[in-house]
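J.: Data: input33.txt, compact mmCIF, C-alpha atoms and all ligand atoms.
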```
# COMPACT_ATOMS: atom_id res chain seq x y z
CA MET A 1 15.31 102.86 -82.59
CA HIS A 2 17.93 100.28 -81.67
CA GLU A 3 20.62 102.81 -82.55
CA MET A 4 21.46 103.30 -78.87
CA GLY A 5 22.47 99.65 -78.45
CA ILE A 6 24.41 99.78 -81.69
CA ALA A 7 26.25 102.94 -80.63
CA MET A 8 27.22 101.20 -77.38
CA GLU A 9 28.61 98.22 -79.28
CA ILE A 10 30.59 100.54 -81.53
CA VAL A 11 32.15 102.35 -78.57
CA GLU A 12 32.98 99.07 -76.89
CA ILE A 13 34.60 97.53 -79.97
CA ALA A 14 36.52 100.74 -80.72
CA ILE A 15 37.91 101.04 -77.21
CA ALA A 16 38.97 97.41 -77.22
CA SER A 17 40.89 98.05 -80.44
CA ILE A 18 43.12 100.80 -79.08
CA PRO A 19 46.61 99.38 -78.68
CA GLN A 20 47.42 98.82 -75.00
CA ASP A 21 50.73 100.65 -75.15
CA MET A 22 49.21 103.92 -76.29
CA LYS A 23 48.55 106.51 -73.62
CA ASN A 24 46.17 109.49 -73.73
CA VAL A 25 44.67 108.33 -76.96
CA LYS A 26 42.05 110.41 -78.67
CA VAL A 27 39.97 108.73 -81.31
CA GLU A 28 39.24 111.20 -84.09
CA LYS A 29 37.12 109.15 -86.36
CA VAL A 30 35.30 105.86 -86.50
CA ASN A 31 34.83 104.43 -89.97
CA LEU A 32 31.68 102.37 -90.42
CA LYS A 33 30.38 100.48 -93.42
CA VAL A 34 26.61 100.35 -93.51
CA GLY A 35 24.71 98.47 -96.18
CA LYS A 36 21.81 100.15 -97.90
CA LEU A 37 19.39 97.48 -96.67
CA THR A 38 20.55 97.77 -93.06
CA ALA A 39 17.92 99.21 -90.75
CA ILE A 40 19.93 102.14 -89.40
CA VAL A 41 19.10 105.83 -89.40
CA PRO A 42 22.49 107.64 -89.59
CA GLU A 43 21.25 110.79 -87.80
CA SER A 44 19.98 108.88 -84.80
CA LEU A 45 23.09 106.69 -84.72
CA ARG A 46 25.25 109.85 -84.58
CA PHE A 47 23.02 111.30 -81.89
CA CYS A 48 23.30 108.16 -79.75
CA PHE A 49 27.01 107.86 -80.40
CA ASP A 50 27.59 111.37 -79.05
CA ILE A 51 25.78 110.41 -75.87
CA VAL A 52 27.46 107.08 -75.19
CA SER A 53 30.96 108.22 -76.18
CA LYS A 54 31.05 110.89 -73.46
CA ASP A 55 33.91 110.39 -70.99
CA THR A 56 35.62 107.89 -73.27
CA PRO A 57 38.57 108.29 -75.65
CA LEU A 58 35.91 108.57 -78.37
CA CYS A 59 34.26 111.70 -76.96
CA ASP A 60 35.37 113.93 -79.83
CA ALA A 61 35.26 111.31 -82.53
CA THR A 62 33.12 111.67 -85.61
CA LEU A 63 31.31 108.75 -87.14
CA HIS A 64 32.08 108.35 -90.78
CA ILE A 65 29.44 106.20 -92.43
CA GLU A 66 30.23 104.70 -95.79
CA GLU A 67 27.10 103.46 -97.47
CA ILE A 68 27.47 100.12 -99.22
CA PRO A 69 25.22 99.66 -102.24
CA LEU A 70 22.71 96.85 -102.47
CA VAL A 71 24.09 94.32 -104.93
CA ILE A 72 22.23 91.13 -105.76
CA ARG A 73 23.10 88.08 -107.84
CA CYS A 74 20.82 85.62 -109.59
CA SER A 75 21.62 82.03 -108.70
CA ASP A 76 20.10 80.79 -111.98
CA CYS A 77 21.89 82.93 -114.54
CA GLN A 78 24.63 84.45 -112.32
CA ASP A 79 23.81 88.00 -113.42
CA GLU A 80 24.87 90.53 -110.78
CA TRP A 81 23.72 94.12 -110.43
CA THR A 82 23.05 97.03 -108.06
CA ILE A 83 19.48 97.87 -107.11
CA ASP A 84 18.03 101.13 -105.80
CA GLU A 85 14.55 99.76 -105.25
CA PRO A 86 13.60 96.65 -103.31
CA ILE A 87 12.93 94.45 -106.34
CA PHE A 88 14.46 91.06 -105.78
CA THR A 89 13.66 89.29 -109.04
CA CYS A 90 16.25 88.73 -111.73
CA ARG A 91 16.41 91.52 -114.29
CA ALA A 92 17.71 89.10 -116.92
CA CYS A 93 15.89 85.77 -116.52
CA TYR A 94 13.07 86.96 -114.22
CA GLY A 95 13.93 84.18 -111.76
CA GLY A 96 13.13 84.67 -108.10
CA SER A 97 16.21 83.09 -106.62
CA VAL A 98 18.56 86.00 -106.01
CA ASN A 99 21.10 86.38 -103.25
CA ILE A 100 22.31 89.53 -101.59
CA VAL A 101 25.99 90.07 -102.39
CA SER A 102 26.35 93.29 -100.41
CA GLY A 103 24.09 95.80 -98.73
CA ARG A 104 23.48 94.20 -95.34
CA GLU A 105 26.74 95.29 -93.73
CA LEU A 106 26.93 96.89 -90.34
CA ASP A 107 30.68 96.78 -89.86
CA ILE A 108 33.16 98.82 -87.94
CA HIS A 109 35.99 99.14 -90.41
CA SER A 110 38.64 101.18 -88.60
CA ILE A 111 39.36 103.94 -86.14
CA GLU A 112 41.67 106.91 -86.63
CA ILE A 113 43.55 108.01 -83.56
CA VAL A 114 45.87 110.76 -82.50
CA ASP A 115 48.68 109.73 -80.20
CA GLU A 116 49.33 112.65 -77.90
CA GLU A 117 52.02 110.78 -75.98
CA MET T 118 15.08 100.99 -94.12
CA LEU T 119 16.37 102.03 -97.49
CA ILE T 120 18.72 104.92 -97.23
CA ILE T 121 18.60 106.65 -100.54
CA MET T 122 21.21 109.34 -100.86
CA ASN T 123 20.05 112.39 -102.71
CA LYS T 124 22.31 114.54 -104.81
CA THR T 125 23.26 116.98 -102.04
CA GLN T 126 24.10 114.15 -99.69
CA ARG T 127 26.18 112.47 -102.32
CA HIS T 128 27.93 115.75 -102.94
CA LEU T 129 28.62 116.23 -99.25
CA HIS T 130 29.87 112.70 -99.03
CA HIS T 131 32.31 113.41 -101.82
CA LYS T 132 33.36 116.71 -100.27
CA GLU T 133 33.93 115.08 -96.92
CA PHE T 134 36.05 112.47 -98.58
CA GLN T 135 38.19 115.10 -100.25
CA GLU T 136 38.62 117.00 -97.01
CA THR T 137 39.71 113.88 -95.20
CA PHE T 138 42.10 113.15 -97.98
CA HIS T 139 43.66 116.60 -97.82
CA TYR T 140 43.83 116.38 -94.09
CA HIS T 141 45.92 113.23 -94.30
CA GLU T 142 48.16 114.82 -96.89
CA LYS T 143 48.62 117.85 -94.68
CA ASN T 144 49.42 115.71 -91.69
CA ARG T 145 51.95 113.76 -93.57
CA ALA T 146 53.63 116.96 -94.78
CA VAL T 147 54.04 118.33 -91.28
CA GLY T 148 54.70 114.90 -89.80
CA GLU T 149 58.24 115.89 -88.87
CA SER T 150 57.11 118.70 -86.60
CA LYS T 151 55.47 118.11 -83.20
CA THR T 152 51.85 118.20 -84.46
CA PRO T 153 49.95 115.13 -83.37
CA ASP T 154 49.88 112.41 -85.96
CA THR T 155 46.83 110.53 -87.09
CA ARG T 156 47.01 106.81 -87.43
CA GLU T 157 44.39 104.42 -88.72
CA ILE T 158 43.80 101.13 -86.97
CA LYS T 159 41.96 98.51 -88.99
CA ILE T 160 39.27 96.60 -87.14
CA VAL T 161 36.87 95.13 -89.74
CA ARG T 162 34.32 93.59 -87.41
CA LYS T 163 30.57 93.23 -87.40
CA VAL T 164 28.98 95.59 -84.93
CA LEU T 165 26.45 92.88 -84.05
CA ASP T 166 29.13 90.23 -83.62
CA VAL T 167 28.17 89.56 -80.02
CA ASN T 168 24.49 89.08 -80.89
CA ASP T 169 25.36 86.75 -83.77
CA THR T 170 27.61 84.64 -81.55
CA ILE T 171 24.90 84.21 -78.90
CA ALA T 172 22.32 83.46 -81.62
CA LYS T 173 24.58 80.67 -82.85
CA GLU T 174 24.85 79.26 -79.32
CA ASN T 175 21.06 79.39 -78.99
CA ARG T 176 20.66 77.62 -82.34
CA ASN T 177 23.04 74.85 -81.26
CA LEU T 178 21.18 74.41 -78.00
CA PHE T 179 17.81 74.24 -79.80
CA ALA T 180 19.19 71.59 -82.17
CA GLU T 181 20.59 69.56 -79.29
CA LYS T 182 17.32 69.76 -77.33
CA GLY T 183 15.09 69.20 -80.36
CA VAL T 184 13.26 72.53 -80.14
CA PHE T 185 11.77 74.29 -83.17
CA VAL T 186 11.73 78.06 -82.70
CA LEU T 187 9.30 80.50 -84.29
CA ASN T 188 9.93 84.26 -84.30
CA VAL T 189 6.70 86.20 -84.91
CA MET T 190 7.05 89.85 -85.95
CA SER T 191 4.76 92.67 -87.13
CA SER T 192 3.84 96.30 -86.54
CA PRO T 193 1.98 96.99 -83.30
CA GLY T 194 -1.53 95.55 -83.31
CA SER T 195 -1.40 93.43 -86.48
CA GLY T 196 -2.68 90.48 -84.49
CA LYS T 197 0.36 88.51 -83.30
CA THR T 198 -1.11 87.62 -79.90
CA SER T 199 -4.55 86.84 -81.38
CA ILE T 200 -2.98 84.49 -83.94
CA LEU T 201 -0.88 82.79 -81.29
CA GLU T 202 -3.93 82.31 -79.06
CA LYS T 203 -5.69 80.45 -81.87
CA LEU T 204 -2.54 78.56 -82.81
CA LEU T 205 -2.00 77.39 -79.23
CA SER T 206 -5.63 76.39 -78.74
CA ARG T 207 -5.29 74.11 -81.76
CA ILE T 208 -1.86 72.57 -81.27
CA VAL T 209 -1.09 72.57 -77.57
CA LYS T 210 -2.40 69.00 -77.12
CA LYS T 211 -0.34 67.68 -80.04
CA VAL T 212 2.87 69.67 -79.79
CA ARG T 213 4.59 70.52 -76.50
CA SER T 214 4.80 74.29 -76.74
CA ALA T 215 6.24 77.21 -74.81
CA VAL T 216 5.96 80.94 -75.38
CA ILE T 217 8.21 83.98 -74.91
CA VAL T 218 6.53 87.36 -75.34
CA GLY T 219 8.42 90.61 -75.65
CA ASP T 220 6.83 93.86 -74.63
CA ILE T 221 8.21 97.16 -73.44
CA CYS T 222 6.42 97.09 -70.11
CA THR T 223 3.15 95.18 -69.63
CA SER T 224 2.47 91.47 -69.16
CA ASN T 225 -0.94 91.49 -70.91
CA ASP T 226 0.14 89.35 -73.85
CA ALA T 227 1.74 86.66 -71.66
CA ASP T 228 -1.43 86.57 -69.53
CA ARG T 229 -3.50 86.06 -72.69
CA LEU T 230 -1.21 83.32 -73.95
CA SER T 231 -0.71 81.43 -70.69
CA ARG T 232 -4.36 80.34 -70.62
CA PHE T 233 -3.76 77.48 -73.04
CA GLY T 234 -1.61 75.31 -70.83
CA ALA T 235 1.75 76.11 -72.39
CA PRO T 236 4.22 78.00 -70.20
CA ALA T 237 4.44 81.66 -71.23
CA VAL T 238 7.11 84.08 -70.14
CA GLN T 239 6.93 87.83 -70.54
CA ILE T 240 10.12 89.73 -71.27
CA ASN T 241 9.91 93.39 -70.48
CA THR T 242 12.67 95.03 -72.47
CA ASP T 243 12.49 97.95 -70.06
CA ALA T 244 15.04 96.09 -67.99
CA PHE T 245 17.22 95.85 -71.10
CA GLY T 246 17.07 99.55 -71.88
CA GLY T 247 13.58 99.67 -73.38
CA ASP T 248 14.74 97.94 -76.55
CA CYS T 249 12.32 97.70 -79.41
CA HIS T 250 13.30 94.15 -80.37
CA LEU T 251 14.32 90.89 -78.70
CA ALA T 252 18.03 90.21 -79.00
CA ALA T 253 19.74 86.83 -78.73
CA HIS T 254 20.97 87.36 -75.17
CA VAL T 255 17.44 88.23 -74.01
CA ILE T 256 16.11 84.94 -75.40
CA LYS T 257 19.05 83.10 -73.87
CA SER T 258 18.31 84.45 -70.42
CA ALA T 259 14.58 83.65 -70.79
CA LEU T 260 15.33 80.01 -71.56
CA GLY T 261 16.05 79.41 -67.88
CA ASN T 262 12.27 79.47 -67.33
CA PHE T 263 11.70 76.28 -69.29
CA ASN T 264 12.84 72.71 -69.27
CA LEU T 265 13.79 72.52 -72.93
CA ASP T 266 13.72 68.71 -72.84
CA ASP T 267 9.94 69.04 -72.55
CA VAL T 268 9.51 71.59 -75.33
CA ASP T 269 9.12 70.85 -79.05
CA LEU T 270 7.95 74.24 -80.24
CA LEU T 271 9.09 77.54 -78.79
CA ILE T 272 7.05 80.49 -80.01
CA VAL T 273 8.49 83.97 -79.64
CA GLU T 274 6.27 87.02 -80.05
CA ASN T 275 8.63 89.87 -80.85
CA LEU T 276 7.91 93.52 -80.14
CA GLY T 277 5.54 95.36 -82.45
CA ASN T 278 8.05 96.91 -84.84
CA LEU T 279 8.89 96.22 -88.50
CA VAL T 280 12.40 97.67 -88.37
CA CYS T 281 14.73 96.50 -85.62
CA PRO T 282 13.68 92.87 -85.03
CA ALA T 283 14.73 92.13 -88.61
CA GLU T 284 18.37 92.90 -87.75
CA PHE T 285 18.65 90.64 -84.72
CA ASP T 286 19.06 86.92 -85.20
CA MET T 287 18.13 85.01 -82.05
CA GLY T 288 18.71 81.47 -83.23
CA GLU T 289 15.20 80.80 -84.53
CA ASP T 290 14.23 78.33 -87.26
CA LEU T 291 11.39 80.23 -88.86
CA ARG T 292 10.55 83.91 -89.15
CA VAL T 293 6.92 84.91 -89.46
CA VAL T 294 5.73 88.38 -90.41
CA VAL T 295 2.12 89.33 -89.77
CA LEU T 296 0.61 92.03 -91.95
CA SER T 297 -2.99 92.99 -91.34
CA VAL T 298 -5.26 94.24 -94.09
CA THR T 299 -5.85 97.46 -92.15
CA GLU T 300 -2.25 98.46 -92.88
CA GLY T 301 -1.12 99.71 -96.27
CA GLU T 302 -0.42 97.33 -99.16
CA ASP T 303 2.98 99.00 -99.52
CA LYS T 304 4.40 97.93 -96.14
CA PRO T 305 6.63 95.28 -97.77
CA ILE T 306 8.27 97.94 -99.92
CA LYS T 307 8.67 100.35 -97.03
CA TYR T 308 10.22 97.68 -94.80
CA PRO T 309 12.04 95.47 -97.31
CA LEU T 310 14.52 94.01 -94.84
CA MET T 311 11.76 92.56 -92.66
CA PHE T 312 10.01 90.98 -95.63
CA ARG T 313 13.34 89.78 -97.00
CA VAL T 314 14.38 87.93 -93.83
CA CYS T 315 11.02 86.24 -93.17
CA ASP T 316 9.96 82.82 -94.44
CA VAL T 317 6.21 83.20 -94.16
CA ALA T 318 3.79 86.12 -94.26
CA LEU T 319 0.37 85.94 -92.60
CA LEU T 320 -2.11 88.40 -94.11
CA ASN T 321 -4.38 88.81 -91.11
CA LYS T 322 -7.84 90.27 -90.44
CA ILE T 323 -9.27 89.24 -93.81
CA ASP T 324 -12.72 89.18 -92.13
CA LEU T 325 -12.56 92.99 -92.41
CA LEU T 326 -12.02 93.02 -96.18
CA PRO T 327 -15.67 93.77 -97.08
CA HIS T 328 -15.36 97.05 -95.18
CA LEU T 329 -12.08 98.16 -96.72
CA ASP T 330 -10.60 99.38 -99.98
CA TYR T 331 -7.76 96.96 -99.69
CA SER T 332 -6.19 95.03 -102.53
CA ILE T 333 -4.92 91.67 -101.29
CA LYS T 334 -3.54 91.12 -104.77
CA LYS T 335 -1.40 94.25 -104.56
CA ALA T 336 -0.14 93.33 -101.09
CA ILE T 337 0.87 89.86 -102.30
CA GLU T 338 2.59 91.30 -105.37
CA ASN T 339 4.57 93.64 -103.15
CA ILE T 340 5.59 90.84 -100.80
CA LEU T 341 6.72 88.64 -103.68
CA GLN T 342 8.65 91.49 -105.25
CA VAL T 343 10.78 91.74 -102.11
CA ASN T 344 10.85 88.02 -101.38
CA PRO T 345 9.81 85.72 -104.25
CA SER T 346 10.10 82.61 -102.07
CA MET T 347 7.83 83.84 -99.25
CA ALA T 348 5.02 81.49 -98.22
CA ILE T 349 1.82 83.56 -97.88
CA PHE T 350 -1.42 82.72 -96.07
CA GLU T 351 -4.57 84.83 -95.91
CA ILE T 352 -6.05 84.38 -92.46
CA SER T 353 -8.35 85.80 -89.83
CA ALA T 354 -7.55 85.34 -86.16
CA LYS T 355 -11.16 86.23 -85.47
CA THR T 356 -12.94 83.69 -87.68
CA GLU T 357 -9.98 81.27 -87.98
CA ASP T 358 -10.26 81.38 -91.75
CA GLY T 359 -7.08 80.05 -93.32
CA PHE T 360 -5.83 78.51 -90.08
CA ASP T 361 -6.07 74.90 -91.27
CA SER T 362 -3.69 75.47 -94.12
CA TRP T 363 -1.16 77.66 -92.36
CA ILE T 364 -0.96 75.37 -89.33
CA ASP T 365 -0.59 72.30 -91.60
CA TRP T 366 2.24 74.08 -93.33
CA LEU T 367 3.85 74.95 -89.97
CA GLU T 368 3.58 71.37 -88.73
CA GLN T 369 5.35 70.14 -91.88
CA ARG T 370 8.18 72.57 -91.21
CA VAL T 371 8.51 71.47 -87.59
CA LYS T 372 8.56 67.79 -88.60
CA GLY T 373 11.04 68.60 -91.37
CA LYS T 374 13.62 69.83 -88.87
CA PHE T 375 13.76 66.59 -86.95
CA LYS T 376 13.38 64.05 -89.75
N1 LIG W 1 -11.39 91.84 -86.98
C1 LIG W 1 -10.26 91.30 -86.58
N2 LIG W 1 -9.59 91.82 -85.54
C2 LIG W 1 -8.43 91.24 -85.16
C3 LIG W 1 -7.91 90.10 -85.83
N3 LIG W 1 -6.74 89.75 -85.24
C4 LIG W 1 -6.54 90.64 -84.24
N4 LIG W 1 -7.56 91.53 -84.17
C5 LIG W 1 -7.70 92.64 -83.22
O1 LIG W 1 -6.62 93.54 -83.39
C6 LIG W 1 -6.23 94.07 -82.13
C7 LIG W 1 -4.74 93.81 -81.85
O2 LIG W 1 -4.52 92.42 -81.78
P1 LIG W 1 -3.32 91.77 -80.98
O3 LIG W 1 -3.41 90.30 -81.18
O4 LIG W 1 -3.25 92.28 -79.60
O5 LIG W 1 -2.10 92.38 -81.83
P2 LIG W 1 -0.54 92.27 -81.52
O6 LIG W 1 0.14 92.23 -82.83
O7 LIG W 1 -0.26 91.15 -80.60
O8 LIG W 1 -0.27 93.66 -80.80
P3 LIG W 1 1.06 94.13 -80.00
O9 LIG W 1 1.57 92.95 -79.24
O10 LIG W 1 0.58 95.24 -79.12
O11 LIG W 1 2.01 94.60 -81.05
C8 LIG W 1 -7.14 93.44 -81.09
O12 LIG W 1 -8.19 94.31 -80.85
C9 LIG W 1 -7.62 92.19 -81.79
O13 LIG W 1 -8.89 91.76 -81.33
C10 LIG W 1 -8.66 89.57 -86.95
O14 LIG W 1 -8.27 88.62 -87.60
N5 LIG W 1 -9.80 90.22 -87.29
MG MG W 2 0.82 91.16 -78.79
ZN ZN W 3 14.95 99.60 -82.62
ZN ZN W 4 18.73 85.34 -113.62
```
Spell out the structure here as structure tokens.
Ligand SMILES: Nc1nc2c(ncn2[C@@H]2O[C@H](COP(=O)(O)OP(=O)(O)OP(=O)(O)O)[C@@H](O)[C@H]2O)c(=O)[nH]1
Ligand SMILES: [Mg+2]
Ligand SMILES: [Zn+2]
Ligand SMILES: [Zn+2]

T.:
Amino acid sequence: MHEMGIAMEIVEIAIASIPQDMKNVKVEKVNLKVGKLTAIVPESLRFCFDIVSKDTPLCDATLHIEEIPLVIRCSDCQDEWTIDEPIFTCRACYGGSVNIVSGRELDIHSIEIVDEE
Amino acid sequence: MLIIMNKTQRHLHHKEFQETFHYHEKNRAVGESKTPDTREIKIVRKVLDVNDTIAKENRNLFAEKGVFVLNVMSSPGSGKTSILEKLLSRIVKKVRSAVIVGDICTSNDADRLSRFGAPAVQINTDAFGGDCHLAAHVIKSALGNFNLDDVDLLIVENLGNLVCPAEFDMGEDLRVVVLSVTEGEDKPIKYPLMFRVCDVALLNKIDLLPHLDYSIKKAIENILQVNPSMAIFEISAKTEDGFDSWIDWLEQRVKGKFK
């Protein structure tokens, strides 16, 4: 639903990262890291990205989305594990004070470009 | 939203990875010839960097001006405006309040909330691209409507949506999620991020319980499974059941910030 705004940010950040001295750059791929708990629907992000990347060096780029697993850590017993279901109590000591180690990312990791001179 | 990859997707993911890998190999092998060369530029940046920066500025401003900010979220129609009407009618004489209401296009909610003597501003996200949440810059631009020196409590009613508002920090102190008993008990599990980022859950419309097959116990279990430290109040914006205790709790939190 907010994928349009996110796609616009991605295009903006990617364009700003193209080295100034490169001419006629074509971005081939944008590598994203998206946590499992992040509220993003990949299909709609791709759809929006295709719309907002028109007439930019990213017009033919594909979005590569790497999904980052949801890892939590108990602050009482320090146990750390990956979860597939939203159960945020400690599997070892049953404590309720767990922190999210990874899984909330929404990062643009890199772009891959072709320098056509 | 939990994105659970099924086997085929995982397989495709793997296949895609291998293809990319081969592609790079191939490119490297023919690198000497005139074929265009691929080059990776590392960025490593949060996509919502800009929002987070503005949220931080908002938070600093609120601290400097002594304003406590409440962000109220729920699905459409869970009772946010009704709860805020009752909240305002009870506290507006004690606590200097102001309201920001987000909506896609009408000003109905701001009209309802401005009757209590606190200034209420409607944000129509239409002007911001019809967004389904309030972002930090939208709040920032709405602040021009108030003299923050005269405000102790700023209440923000977010757009009816359990997905997007959870992603956007706006500099608030407390996040409230409203869940009405006419929605399913499993909402917390379907929208874990929202229930994870909130500090307090208001189970609203409990006056309707006699007419429903709804298990409050199950709903609370589900909330606590996602967020064991969530404060939970069972309330009715219609009868004002439960309002004494949740408003007491809120007042303690507001006082706590400025002790
Ligand atoms: N019976 C009963 N009805 C309620 C209660 N709280 C709200 N309602 C009704 O639920 C409907 C929606 O309430 P609103 O307060 O407008 O809900 P909202 O969350 O602000 O809705 P949006 O801003 O459109 O997302 C209205 O018809 C209210 O009268 C309650 O505690 N009990
Ligand atoms: Mg409303
Ligand atoms: Zn959205
Ligand atoms: Zn533990």

J.: Would you name the residues within 7 Å of ligand LIG 1 (chain W), counting all atoms listed in the file, and put them as a PyMOL selection string?

T.: chain T and resi 191-200+226+276-277+321-325+352-356

J.: Chain T near ligand ZN 3 (chain W) within 8 Å: what's each residue's closest atom pair and its distance in Å to one decimal, counting all atoms listed in the file, ordered by chain then ascending residue number, as a Markdown table?

T.:
```
| residue | atom | partner | partner_atom | distance |
| --- | --- | --- | --- | --- |
| T:Asp248 | CA | W:ZN3 | ZN | 6.3 |
| T:Cys249 | CA | W:ZN3 | ZN | 4.6 |
| T:His250 | CA | W:ZN3 | ZN | 6.1 |
| T:Asn278 | CA | W:ZN3 | ZN | 7.7 |
| T:Val280 | CA | W:ZN3 | ZN | 6.6 |
| T:Cys281 | CA | W:ZN3 | ZN | 4.3 |
| T:Pro282 | CA | W:ZN3 | ZN | 7.3 |
```

J.: Return as a list in words every polymer residue, whether protein, DNA or RNA, with at least one atom no more than 9 Å from an atom of ligand ZN 4 (chain W); count only C-alpha atoms and all ligand atoms.

T.: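 Every residue with an atom at most 9 Å from ligand ZN 4 (chain W) is listed here: Arg73, Cys74, Ser75, Asp76, Cys77, Gln78, Asp79, Glu80, Thr89, Cys90, Arg91, Ala92, Cys93, Tyr94, Gly95, Gly96, Ser97 and Val98 of chain A.
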
J.: Which one is closest to Ile111 of chain A: A:Glu66, A:Asp55, A:Glu28, A:Glu12? Count only C-alpha atoms.

T.: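 Closest candidate: A:Glu28.
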
J.: Please report the interatomic distance between atom CA of Lys211 of chain T and atom CA of Arg370 of chain T in Å with one decimal.

T.: 14.9 Å

J.: Could you list the residues in chain T lying within 6 Å of chain A, using all atoms listed in the file, and format the result as a tab-separated table (two decimals) with C-alpha atoms, keeping the file's coordinate frame?

T.:
```tsv
chain	number	residue	atom	x	y	z
T	118	MET	CA	15.08	100.99	-94.12
T	119	LEU	CA	16.37	102.03	-97.49
T	120	ILE	CA	18.72	104.92	-97.23
T	154	ASP	CA	49.88	112.41	-85.96
T	155	THR	CA	46.83	110.53	-87.09
T	156	ARG	CA	47.01	106.81	-87.43
T	157	GLU	CA	44.39	104.42	-88.72
T	158	ILE	CA	43.80	101.13	-86.97
T	159	LYS	CA	41.96	98.51	-88.99
T	160	ILE	CA	39.27	96.60	-87.14
T	161	VAL	CA	36.87	95.13	-89.74
T	162	ARG	CA	34.32	93.59	-87.41
T	163	LYS	CA	30.57	93.23	-87.40
T	164	VAL	CA	28.98	95.59	-84.93
T	342	GLN	CA	8.65	91.49	-105.25
T	343	VAL	CA	10.78	91.74	-102.11
T	345	PRO	CA	9.81	85.72	-104.25
```

J.: Which one of T:Leu204, T:Ile349, T:Val293, T:Leu271 sits closest to Phe179 of chain T if you count only C-alpha atoms?

T.: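 Smallest distance to Phe179 of chain T is found for T:Leu271.
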
J.: Find the spatial neighbours of Glu302 of chain T, counting only C-alpha atoms, within a cut-off of 8 Å - ignore same-chain residues fewer than 5 positions away - and output them as a ChimeraX atom specification.

T.: /T:331-333,335-336,339

J.: Determine, counting only C-alpha atoms, which protein, DNA and RNA residues have an atom within 8 Å of an atom of segment 237-239 of chain T; residues of the same chain fewer than 5 positions away are not included. Present the result as a list in words.

T.: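 That gives Ala215, Val216, Ile217, Val218, Gly219, Asp220, Ser224, Asp226, Ala227, Asp228, Leu230, Ser231, Ala259 and Asn262 of chain T.
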
J.: For the atom pair atom CA of Thr242 of chain T and atom CA of Ile221 of chain T, what is the interatomic distance in Å to one decimal place?

T.: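 Atom-to-atom, atom CA of Thr242 of chain T to atom CA of Ile221 of chain T, that is 5.0 Å.
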
J.: Which of these, T:Ile306, T:Ala180, T:Cys222, T:Val167, has the shortest distance to ligand MG 2 (chain W) once you count all atoms listed in the file?

T.: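 Checking each of T:Ile306, T:Ala180, T:Cys222, T:Val167 against ligand MG 2 (chain W), counting all atoms listed in the file, the winner is T:Cys222.
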
J.: Counting all atoms listed in the file, which residue out of T:Met311, T:Val255, T:Ala348, T:Ala172 sits closest to Ile240 of chain T?

T.: T:Val255

J.: To box segment 34-38 of chain A, take all atoms listed in the file, fit an axis-aligned box, add 4 Å on each side, and give centre and edge lengths in Å to one decimal, as JSON.

T.:
```
{"center_x": 23.0, "center_y": 98.9, "center_z": -95.5, "size_x": 15.2, "size_y": 10.9, "size_z": 12.8}
```

J.: With only C-alpha atoms and all ligand atoms as the atoms that count, which of T:Val212, T:Val273, T:Val184, T:Leu326 lies nearest to ligand MG 2 (chain W)?

T.: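 Checking each candidate against ligand MG 2 (chain W), we get T:Val273 as the closest.
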
J.: Please report the interatomic distance between atom CA of Ala235 of chain T and atom CA of Asp358 of chain T in Å with one decimal.

T.: 23.4 Å

J.: So which residues touch Lys374 of chain T within 12 Å, counting only C-alpha atoms, skipping near sequence neighbours fewer than 6 positions away, as a ChimeraX atom specification?

T.: /T:179-181,183-186,269-270,289-291,367-368
